[in-house]
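Raw start-v6.pdb, PDB, C-alpha atoms:
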ATOM      1  CA  MET K 878      86.340 136.836 132.355
ATOM      2  CA  THR K 879      90.145 136.662 132.377
ATOM      3  CA  GLN K 880      90.168 136.116 136.101
ATOM      4  CA  LEU K 881      87.534 133.370 135.782
ATOM      5  CA  SER K 882      89.536 131.657 133.041
ATOM      6  CA  ALA K 883      92.689 131.812 135.150
ATOM      7  CA  ALA K 884      90.841 130.405 138.145
ATOM      8  CA  SER K 885      89.375 127.580 136.045
ATOM      9  CA  ALA K 886      92.812 126.768 134.644
ATOM     10  CA  ALA K 887      94.256 126.672 138.155
ATOM     11  CA  VAL K 888      91.471 124.339 139.310
ATOM     12  CA  ARG K 889      92.066 122.012 136.344
ATOM     13  CA  ALA K 890      95.814 122.011 136.970
ATOM     14  CA  ASN K 891      95.255 121.207 140.624
ATOM     15  CA  ARG K 892      92.888 118.337 139.738
ATOM     16  CA  LEU K 893      95.424 116.979 137.248
ATOM     17  CA  ARG K 894      98.154 117.110 139.887
ATOM     18  CA  VAL K 895      95.933 115.314 142.402
ATOM     19  CA  GLN K 896      95.076 112.635 139.841
ATOM     20  CA  ARG K 897      98.762 112.063 139.108
ATOM     21  CA  LEU K 898      99.502 111.718 142.799
ATOM     22  CA  ARG K 899      96.678 109.173 143.101
ATOM     23  CA  LEU K 900      98.067 107.197 140.181
ATOM     24  CA  LEU K 901     101.501 107.153 141.813
ATOM     25  CA  THR K 902      99.862 105.948 145.017
ATOM     26  CA  VAL K 903      97.997 103.162 143.235
ATOM     27  CA  LEU K 904     100.970 102.090 141.092
ATOM     28  CA  PRO K 905     102.811 100.101 143.820
ATOM     29  CA  ALA K 906      99.656  98.111 144.592
ATOM     30  CA  VAL K 907      99.166  97.320 140.906
ATOM     31  CA  LEU K 908     102.781  96.201 140.501
ATOM     32  CA  VAL K 909     102.658  94.057 143.642
ATOM     33  CA  THR K 910      99.401  92.454 142.512
ATOM     34  CA  LEU K 911     100.811  91.690 139.068
ATOM     35  CA  LEU K 912     103.963  90.201 140.556
ATOM     36  CA  ALA K 913     101.916  88.055 142.923
ATOM     37  CA  VAL K 914      99.668  86.789 140.112
ATOM     38  CA  LEU K 915     102.368  86.344 137.476
ATOM     39  CA  GLY K 916     105.086  85.343 139.930
ATOM     40  CA  PRO K 917     105.042  81.575 139.242
ATOM     41  CA  ALA K 918     105.469  82.237 135.516
ATOM     42  CA  LEU K 919     108.310  84.727 136.099
ATOM     43  CA  ALA K 920     110.234  82.629 138.628
ATOM     44  CA  PRO K 921     113.663  81.595 137.262
ATOM     45  CA  HIS K 922     113.524  78.222 139.050
ATOM     46  CA  ALA K 923     110.881  75.836 140.343
ATOM     47  CA  ALA K 924     109.881  76.594 143.915
ATOM     48  CA  GLU K 925     111.248  73.355 145.397
ATOM     49  CA  THR K 926     114.371  72.987 143.231
ATOM     50  CA  PRO K 927     117.732  73.393 145.076
ATOM     51  CA  VAL K 928     120.183  75.636 143.231
ATOM     52  CA  GLY K 929     123.041  75.877 145.725
ATOM     53  CA  ILE K 930     124.207  75.381 149.287
ATOM     54  CA  PRO K 931     121.882  76.296 152.185
ATOM     55  CA  PHE K 932     121.861  80.011 152.959
ATOM     56  CA  GLY K 933     124.222  80.823 150.129
ATOM     57  CA  HIS K 934     124.915  84.384 149.077
ATOM     58  CA  GLY K 935     123.394  85.995 146.000
ATOM     59  CA  GLY K 936     124.744  85.224 142.565
ATOM     60  CA  ALA K 937     123.816  84.769 138.922
ATOM     61  CA  ASP K 938     121.609  81.742 139.661
ATOM     62  CA  ALA K 939     120.027  83.226 142.786
ATOM     63  CA  TRP K 940     119.936  87.008 143.105
ATOM     64  CA  PHE K 941     118.761  86.925 146.737
ATOM     65  CA  GLY K 942     120.775  83.838 147.647
ATOM     66  CA  THR K 943     119.354  80.538 148.844
ATOM     67  CA  ASP K 944     117.213  79.402 151.750
ATOM     68  CA  ARG K 945     117.742  76.654 154.326
ATOM     69  CA  LEU K 946     117.325  73.930 151.683
ATOM     70  CA  GLY K 947     119.413  75.627 149.025
ATOM     71  CA  ARG K 948     116.382  76.867 147.055
ATOM     72  CA  ASP K 949     116.322  80.183 145.223
ATOM     73  CA  VAL K 950     114.877  82.855 147.516
ATOM     74  CA  LEU K 951     113.638  84.933 144.568
ATOM     75  CA  SER K 952     111.728  81.987 143.111
ATOM     76  CA  GLN K 953     110.237  81.206 146.511
ATOM     77  CA  LEU K 954     109.229  84.851 146.804
ATOM     78  CA  LEU K 955     107.520  84.884 143.405
ATOM     79  CA  TYR K 956     105.655  81.656 144.133
ATOM     80  CA  GLY K 957     104.573  82.664 147.632
ATOM     81  CA  GLY K 958     102.488  85.794 147.072
ATOM     82  CA  TRP K 959      99.393  84.849 145.112
ATOM     83  CA  GLY K 960      97.788  82.615 147.760
ATOM     84  CA  LEU K 961      98.247  85.100 150.591
ATOM     85  CA  LEU K 962      97.088  88.036 148.477
ATOM     86  CA  LEU K 963      94.008  86.246 147.153
ATOM     87  CA  LEU K 964      92.893  84.964 150.551
ATOM     88  CA  ALA K 965      93.455  88.358 152.186
ATOM     89  CA  ALA K 966      91.434  90.083 149.452
ATOM     90  CA  VAL K 967      88.525  87.635 149.826
ATOM     91  CA  ILE K 968      88.547  88.077 153.610
ATOM     92  CA  ALA K 969      88.674  91.867 153.307
ATOM     93  CA  VAL K 970      85.766  92.038 150.861
ATOM     94  CA  ALA K 971      83.632  89.595 152.867
ATOM     95  CA  VAL K 972      84.226  91.310 156.227
ATOM     96  CA  THR K 973      83.658  94.792 154.800
ATOM     97  CA  ALA K 974      80.487  93.845 152.896
ATOM     98  CA  LEU K 975      78.862  91.932 155.748
ATOM     99  CA  SER K 976      79.860  94.561 158.308
ATOM    100  CA  CYS K 977      78.481  97.355 156.129
ATOM    101  CA  VAL K 978      75.102  95.669 155.813
ATOM    102  CA  LEU K 979      74.967  94.685 159.474
ATOM    103  CA  GLY K 980      76.085  98.119 160.664
ATOM    104  CA  THR K 981      73.498  99.841 158.501
ATOM    105  CA  ILE K 982      70.764  97.593 159.871
ATOM    106  CA  ALA K 983      71.977  98.405 163.380
ATOM    107  CA  ALA K 984      71.693 102.133 162.668
ATOM    108  CA  LEU K 985      68.144 101.686 161.395
ATOM    109  CA  ARG K 986      67.149  99.186 164.111
ATOM    110  CA  PRO K 987      68.619 100.197 167.504
ATOM    111  CA  ARG K 988      67.886  96.785 169.049
ATOM    112  CA  VAL K 989      70.284  95.158 166.593
ATOM    113  CA  GLY K 990      72.808  97.882 167.374
ATOM    114  CA  ARG K 991      72.817  96.968 171.061
ATOM    115  CA  SER K 992      73.469  93.325 170.171
ATOM    116  CA  ILE K 993      76.429  94.344 168.013
ATOM    117  CA  GLU K 994      77.880  96.380 170.874
ATOM    118  CA  LEU K 995      77.678  93.372 173.191
ATOM    119  CA  ALA K 996      79.331  91.111 170.595
ATOM    120  CA  THR K 997      82.068  93.682 170.022
ATOM    121  CA  ASP K 998      82.824  93.937 173.737
ATOM    122  CA  PHE K 999      83.185  90.145 173.924
ATOM    123  CA  VAL K1000      85.427  89.891 170.845
ATOM    124  CA  MET K1001      87.713  92.679 172.053
ATOM    125  CA  LEU K1002      88.372  90.709 175.250
ATOM    126  CA  LEU K1003      89.501  87.621 173.298
ATOM    127  CA  PRO K1004      92.895  87.931 171.525
ATOM    128  CA  ALA K1005      92.758  87.137 167.814
ATOM    129  CA  VAL K1006      95.759  84.795 168.026
ATOM    130  CA  LEU K1007      93.989  82.776 170.721
ATOM    131  CA  GLY K1008      90.923  82.532 168.499
ATOM    132  CA  ILE K1009      93.058  81.316 165.598
ATOM    133  CA  LEU K1010      94.623  78.639 167.788
ATOM    134  CA  LEU K1011      91.274  77.523 169.199
ATOM    135  CA  VAL K1012      89.547  77.204 165.825
ATOM    136  CA  LEU K1013      92.345  75.817 163.662
ATOM    137  CA  THR K1014      93.711  73.361 166.229
ATOM    138  CA  SER K1015      90.267  72.009 167.123
ATOM    139  CA  TRP K1016      89.294  71.931 163.437
ATOM    140  CA  PRO K1017      92.547  70.828 161.739
ATOM    141  CA  ASP K1018      90.908  69.843 158.447
ATOM    142  CA  ALA K1019      89.348  73.274 157.995
ATOM    143  CA  GLY K1020      92.351  74.837 156.257
ATOM    144  CA  VAL K1021      91.464  78.040 154.460
ATOM    145  CA  TYR K1022      87.797  77.736 155.446
ATOM    146  CA  GLY K1023      88.683  77.712 159.135
ATOM    147  CA  LEU K1024      90.863  80.780 158.738
ATOM    148  CA  PHE K1025      88.044  82.474 156.832
ATOM    149  CA  VAL K1026      85.630  81.725 159.684
ATOM    150  CA  VAL K1027      88.097  83.157 162.226
ATOM    151  CA  ALA K1028      88.481  86.308 160.151
ATOM    152  CA  LEU K1029      84.721  86.778 160.020
ATOM    153  CA  LEU K1030      84.257  86.126 163.732
ATOM    154  CA  PHE K1031      86.917  88.614 164.777
ATOM    155  CA  GLY K1032      86.492  91.180 162.021
ATOM    156  CA  ILE K1033      82.763  91.672 161.607
ATOM    157  CA  PRO K1034      81.683  92.792 165.126
ATOM    158  CA  TYR K1035      84.216  95.616 165.427
ATOM    159  CA  CYS K1036      83.897  96.696 161.782
ATOM    160  CA  ALA K1037      80.089  96.597 161.976
ATOM    161  CA  ARG K1038      80.199  98.883 164.991
ATOM    162  CA  LEU K1039      82.177 101.434 162.959
ATOM    163  CA  PHE K1040      79.686 101.209 160.117
ATOM    164  CA  ALA K1041      76.807 101.611 162.562
ATOM    165  CA  ALA K1042      78.330 104.831 163.882
ATOM    166  CA  ALA K1043      78.877 106.123 160.336
ATOM    167  CA  ALA K1044      75.391 105.123 159.197
ATOM    168  CA  ALA K1045      73.679 106.680 162.199
ATOM    169  CA  GLY K1046      74.023 110.196 160.774
ATOM    170  CA  VAL K1047      72.711 109.093 157.389
ATOM    171  CA  ALA K1048      69.797 107.228 158.993
ATOM    172  CA  ALA K1049      68.784 110.406 160.833
ATOM    173  CA  SER K1050      68.698 112.492 157.645
ATOM    174  CA  GLY K1051      65.450 113.788 156.253
ATOM    175  CA  TYR K1052      65.265 111.687 153.103
ATOM    176  CA  VAL K1053      65.763 108.432 155.030
ATOM    177  CA  GLU K1054      63.098 109.428 157.539
ATOM    178  CA  ALA K1055      60.794 110.274 154.644
ATOM    179  CA  ALA K1056      61.451 106.865 153.077
ATOM    180  CA  GLN K1057      60.682 105.175 156.405
ATOM    181  CA  ALA K1058      57.483 107.175 156.775
ATOM    182  CA  SER K1059      56.400 106.155 153.276
ATOM    183  CA  GLY K1060      56.659 102.498 154.277
ATOM    184  CA  GLU K1061      59.806 101.456 152.405
ATOM    185  CA  THR K1062      61.147  98.027 153.326
ATOM    186  CA  LEU K1063      64.337  97.509 155.316
ATOM    187  CA  PRO K1064      66.331  96.157 152.312
ATOM    188  CA  HIS K1065      65.366  99.277 150.341
ATOM    189  CA  LEU K1066      66.518 101.539 153.168
ATOM    190  CA  VAL K1067      69.777  99.643 153.574
ATOM    191  CA  PHE K1068      70.845  99.228 149.944
ATOM    192  CA  ARG K1069      69.223 102.246 148.283
ATOM    193  CA  GLU K1070      69.173 104.984 150.900
ATOM    194  CA  VAL K1071      72.056 104.490 153.360
ATOM    195  CA  ILE K1072      74.885 102.375 151.892
ATOM    196  CA  PRO K1073      75.359 104.570 148.761
ATOM    197  CA  ASN K1074      76.254 107.406 151.145
ATOM    198  CA  LEU K1075      78.961 105.373 152.915
ATOM    199  CA  ARG K1076      81.399 105.067 150.003
ATOM    200  CA  GLU K1077      84.298 106.779 151.789
ATOM    201  CA  VAL K1078      83.856 104.645 154.900
ATOM    202  CA  ILE K1079      83.655 101.493 152.779
ATOM    203  CA  ALA K1080      86.876 102.390 150.950
ATOM    204  CA  ALA K1081      88.729 103.123 154.184
ATOM    205  CA  GLN K1082      87.503  99.964 155.895
ATOM    206  CA  LEU K1083      88.310  97.832 152.850
ATOM    207  CA  GLY K1084      91.931  98.914 153.029
ATOM    208  CA  LEU K1085      92.160  98.377 156.775
ATOM    209  CA  ARG K1086      90.486  94.957 156.581
ATOM    210  CA  PHE K1087      92.920  93.919 153.849
ATOM    211  CA  VAL K1088      95.908  94.849 155.997
ATOM    212  CA  GLU K1089      94.397  93.003 158.936
ATOM    213  CA  ALA K1090      93.712  89.965 156.740
ATOM    214  CA  VAL K1091      97.302  89.926 155.450
ATOM    215  CA  TYR K1092      98.622  89.921 159.007
ATOM    216  CA  LEU K1093      96.058  87.329 160.093
ATOM    217  CA  VAL K1094      96.957  84.920 157.287
ATOM    218  CA  SER K1095     100.668  85.535 157.850
ATOM    219  CA  THR K1096     100.302  84.862 161.573
ATOM    220  CA  ALA K1097      98.468  81.593 160.962
ATOM    221  CA  SER K1098     101.130  80.472 158.496
ATOM    222  CA  PHE K1099     103.956  81.529 160.819
ATOM    223  CA  LEU K1100     102.410  79.475 163.638
ATOM    224  CA  GLN K1101     102.364  76.402 161.344
ATOM    225  CA  LEU K1102      98.584  76.187 161.421
ATOM    226  CA  PRO K1103      96.840  74.334 158.558
ATOM    227  CA  THR K1104      96.028  77.177 156.176
ATOM    228  CA  THR K1105      96.922  75.265 152.961
ATOM    229  CA  LEU K1106      98.570  78.253 151.294
ATOM    230  CA  GLY K1107     101.495  76.273 149.960
ATOM    231  CA  ALA K1108     105.046  75.682 151.088
ATOM    232  CA  SER K1109     106.289  78.947 149.546
ATOM    233  CA  ASN K1110     104.084  81.251 151.563
ATOM    234  CA  TRP K1111     105.963  84.395 152.604
ATOM    235  CA  ALA K1112     105.243  83.915 156.306
ATOM    236  CA  VAL K1113     106.444  80.306 156.108
ATOM    237  CA  MET K1114     109.652  81.545 154.484
ATOM    238  CA  VAL K1115     110.256  83.913 157.394
ATOM    239  CA  ARG K1116     109.732  81.169 159.961
ATOM    240  CA  GLU K1117     111.800  78.496 158.245
ATOM    241  CA  ASN K1118     114.748  80.730 157.379
ATOM    242  CA  ALA K1119     115.019  82.621 160.664
ATOM    243  CA  SER K1120     117.829  80.317 161.811
ATOM    244  CA  GLY K1121     120.021  81.474 158.909
ATOM    245  CA  MET K1122     119.368  85.196 159.292
ATOM    246  CA  LEU K1123     123.070  85.943 159.821
ATOM    247  CA  LEU K1124     124.176  83.779 156.897
ATOM    248  CA  ASN K1125     121.749  85.103 154.276
ATOM    249  CA  PRO K1126     119.575  87.951 155.619
ATOM    250  CA  TRP K1127     117.598  88.166 152.348
ATOM    251  CA  ALA K1128     116.002  84.787 153.026
ATOM    252  CA  VAL K1129     114.088  86.503 155.845
ATOM    253  CA  LEU K1130     114.114  90.166 154.835
ATOM    254  CA  ALA K1131     112.732  89.609 151.318
ATOM    255  CA  PRO K1132     109.455  87.894 152.375
ATOM    256  CA  SER K1133     109.088  90.244 155.358
ATOM    257  CA  LEU K1134     109.390  93.287 153.099
ATOM    258  CA  ALA K1135     106.987  91.691 150.616
ATOM    259  CA  ILE K1136     104.306  91.356 153.296
ATOM    260  CA  ALA K1137     104.827  94.953 154.403
ATOM    261  CA  VAL K1138     104.783  96.337 150.841
ATOM    262  CA  VAL K1139     101.588  94.447 149.978
ATOM    263  CA  ALA K1140      99.766  95.661 153.081
ATOM    264  CA  VAL K1141     100.846  99.301 152.838
ATOM    265  CA  SER K1142     100.535  99.720 149.057
ATOM    266  CA  VAL K1143      97.053  98.203 148.799
ATOM    267  CA  ASN K1144      95.867 100.246 151.772
ATOM    268  CA  LEU K1145      97.162 103.455 150.151
ATOM    269  CA  ALA K1146      95.526 102.507 146.858
ATOM    270  CA  VAL K1147      92.123 101.930 148.455
ATOM    271  CA  THR K1148      92.426 105.220 150.355
ATOM    272  CA  ALA K1149      93.250 107.024 147.116
ATOM    273  CA  PHE K1150      90.141 105.605 145.454
ATOM    274  CA  GLY K1151      88.097 106.700 148.464
ATOM    275  CA  ARG K1152      89.389 110.259 148.119
ATOM    276  CA  GLY K1153      88.618 110.079 144.422
ATOM    277  CA  GLU K1154      84.988 109.297 145.241
ATOM    278  CA  ARG K1155      84.869 112.317 147.561
ATOM    279  CA  ALA K1156      86.372 114.591 144.939
TER     280      ALA K1156
END

Let's see the structure in the file written out as structure tokens.
Amino acid sequence: MTQLSAASAAVRANRLRVQRLRLLTVLPAVLVTLLAVLGPALAPHAAETPVGIPFGHGGADAWFGTDRLGRDVLSQLLYGGWGLLLLAAVIAVAVTALSCVLGTIAALRPRVGRSIELATDFVMLLPAVLGILLVLTSWPDAGVYGLFVVALLFGIPYCARLFAAAAAGVAASGYVEAAQASGETLPHLVFREVIPNLREVIAAQLGLRFVEAVYLVSTASFLQLPTTLGASNWAVMVRENASGMLLNPWAVLAPSLAIAVVAVSVNLAVTAFGRGERA
């Protein structure tokens, strides 16, 4: 009994340690999200208000110095995160959800799976940047909707193929075959029998799609395409202030680091939740 109690205590201590590590992993994503949402209210200056000379060094009025128009870099940084983060999250959820459903259908219906493979082969041959240019330049009034369409076109085929491979093993299991033999409908098989067993894959893909969406939105903004994310978008800050990199490096480094921190922290957080589901 003593040995069993000691073993149980060790297991509980190990679980507590793992939970603490997961919380530490999730904490950066939570902080970044809060700063992005509350940023406009926390900004010391209005986004478009000049506070000094162009590319000035940091001081009491501007901790990270000023940009090319003399605006506070910190205020620009706090104003520029919410639009990018929100759009990337919507894209990630939409691509992951649609790909999960489509991939599961492909695993249950091999004919659909072959069509997905053909679509994936075509999309992989076409660079994503070229697709962004083709859609957003030929459809200049699309704005966010055009970027959303591009994200779906280039994200779903490849992601659906991954879900199809993951769902194939579940579709071949005995309880799914029994449900098919009993005459269950395709929606029942997809949403009740297969998808609940793909939680880890969904969590992993959600994080990866978010990172991809962040880079996609940043690329479109950096290329001056009409994404309507506002003048203080982090990618726009990098592009506009690149000429003054030697005068005030923070005007470029701060938004670049913000993009990297958002992508990495949210991806780690989603992965931690996925491991939590497995545990």

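Within the file as shown, the PyMOL selection byres ((chain K and resi 976-984) around 8) identifies Val972, Thr973, Ala974, Leu975, Leu985, Arg986, Pro987, Arg988, Val989, Gly990, Arg991, Ile993, Ile1033, Pro1034, Cys1036, Ala1037, Arg1038, Leu1039, Phe1040, Ala1041, Ala1042, Ala1044, Ala1045, Ala1048, Leu1063, Val1067, Val1071, Ile1072 and Ile1079 of chain K.
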
Give me, as a PDB file with C-alpha atoms, in the coordinates of the input, all polymer residues having an atom no more than 12 Å from Leu1130 of chain K, counting all atoms listed in the file and skipping those fewer than 6 positions away in the same chain.
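Printed below is selection.pdb as written:
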ATOM      1  CA  PHE K 941     118.761  86.925 146.737  1.00  0.00           C
ATOM      2  CA  GLY K 942     120.775  83.838 147.647  1.00  0.00           C
ATOM      3  CA  ASP K 944     117.213  79.402 151.750  1.00  0.00           C
ATOM      4  CA  VAL K 950     114.877  82.855 147.516  1.00  0.00           C
ATOM      5  CA  LEU K 951     113.638  84.933 144.568  1.00  0.00           C
ATOM      6  CA  LEU K 954     109.229  84.851 146.804  1.00  0.00           C
ATOM      7  CA  TRP K1111     105.963  84.395 152.604  1.00  0.00           C
ATOM      8  CA  ALA K1112     105.243  83.915 156.306  1.00  0.00           C
ATOM      9  CA  MET K1114     109.652  81.545 154.484  1.00  0.00           C
ATOM     10  CA  VAL K1115     110.256  83.913 157.394  1.00  0.00           C
ATOM     11  CA  ARG K1116     109.732  81.169 159.961  1.00  0.00           C
ATOM     12  CA  ASN K1118     114.748  80.730 157.379  1.00  0.00           C
ATOM     13  CA  ALA K1119     115.019  82.621 160.664  1.00  0.00           C
ATOM     14  CA  GLY K1121     120.021  81.474 158.909  1.00  0.00           C
ATOM     15  CA  MET K1122     119.368  85.196 159.292  1.00  0.00           C
ATOM     16  CA  LEU K1123     123.070  85.943 159.821  1.00  0.00           C
ATOM     17  CA  ILE K1136     104.306  91.356 153.296  1.00  0.00           C
ATOM     18  CA  ALA K1137     104.827  94.953 154.403  1.00  0.00           C
ATOM     19  CA  VAL K1138     104.783  96.337 150.841  1.00  0.00           C
TER      20      VAL K1138
END

Which residue gives the smallest distance to Arg1086 of chain K among K:Gly935, K:Ala920, K:Val1021, K:Ala965, with only C-alpha atoms counted?
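Between K:Gly935, K:Ala920, K:Val1021, K:Ala965, the residue approaching Arg1086 of chain K most closely is K:Ala965.
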
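Evaluated against this file, the PyMOL selection byres ((chain K and resi 1003-1009) around 10) yields Asp998, Phe999, Val1000, Met1001, Leu1002, Leu1010, Leu1011, Val1012, Leu1013, Thr1014, Ser1015, Gly1023, Leu1024, Val1026, Val1027, Ala1028, Leu1030, Phe1031, Gly1032, Leu1093, Val1094, Thr1096, Ala1097, Leu1100 and Leu1102 of chain K.
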
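Residue selection for this entry, given the PyMOL selection byres ((chain K and resi 949) around 9), comprises Pro921, His922, Ala923, Ala924, Glu925, Thr926, Pro927, Val928, Gly929, Asp938, Ala939, Trp940, Phe941, Gly942, Thr943, Asp944, Gly947, Arg948, Val950, Leu951, Ser952, Gln953 and Leu954 of chain K.
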
Which distance in Å separates atom CA of Leu915 of chain K and atom CA of Val1113 of chain K, to one decimal?
20.0 Å

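Of note, atom CA of Gly933 of chain K and atom CA of Pro917 of chain K are spaced 22.1 Å apart.
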
Provide the atom CA of Leu893 of chain K to atom CA of Val1139 of chain K distance in Å, to one decimal place.
26.6 Å

Closest of K:Leu955, K:Tyr1035, K:Ala971, K:Leu1029 to Ala996 of chain K - atom-to-atom distances counting all atoms listed in the file
K:Tyr1035

Which one of K:Leu946, K:Val1141, K:Leu961, K:Ile930 sits closest to Ser1098 of chain K if you count only C-alpha atoms?
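Counting only C-alpha atoms, the residue closest to Ser1098 of chain K is K:Leu961.
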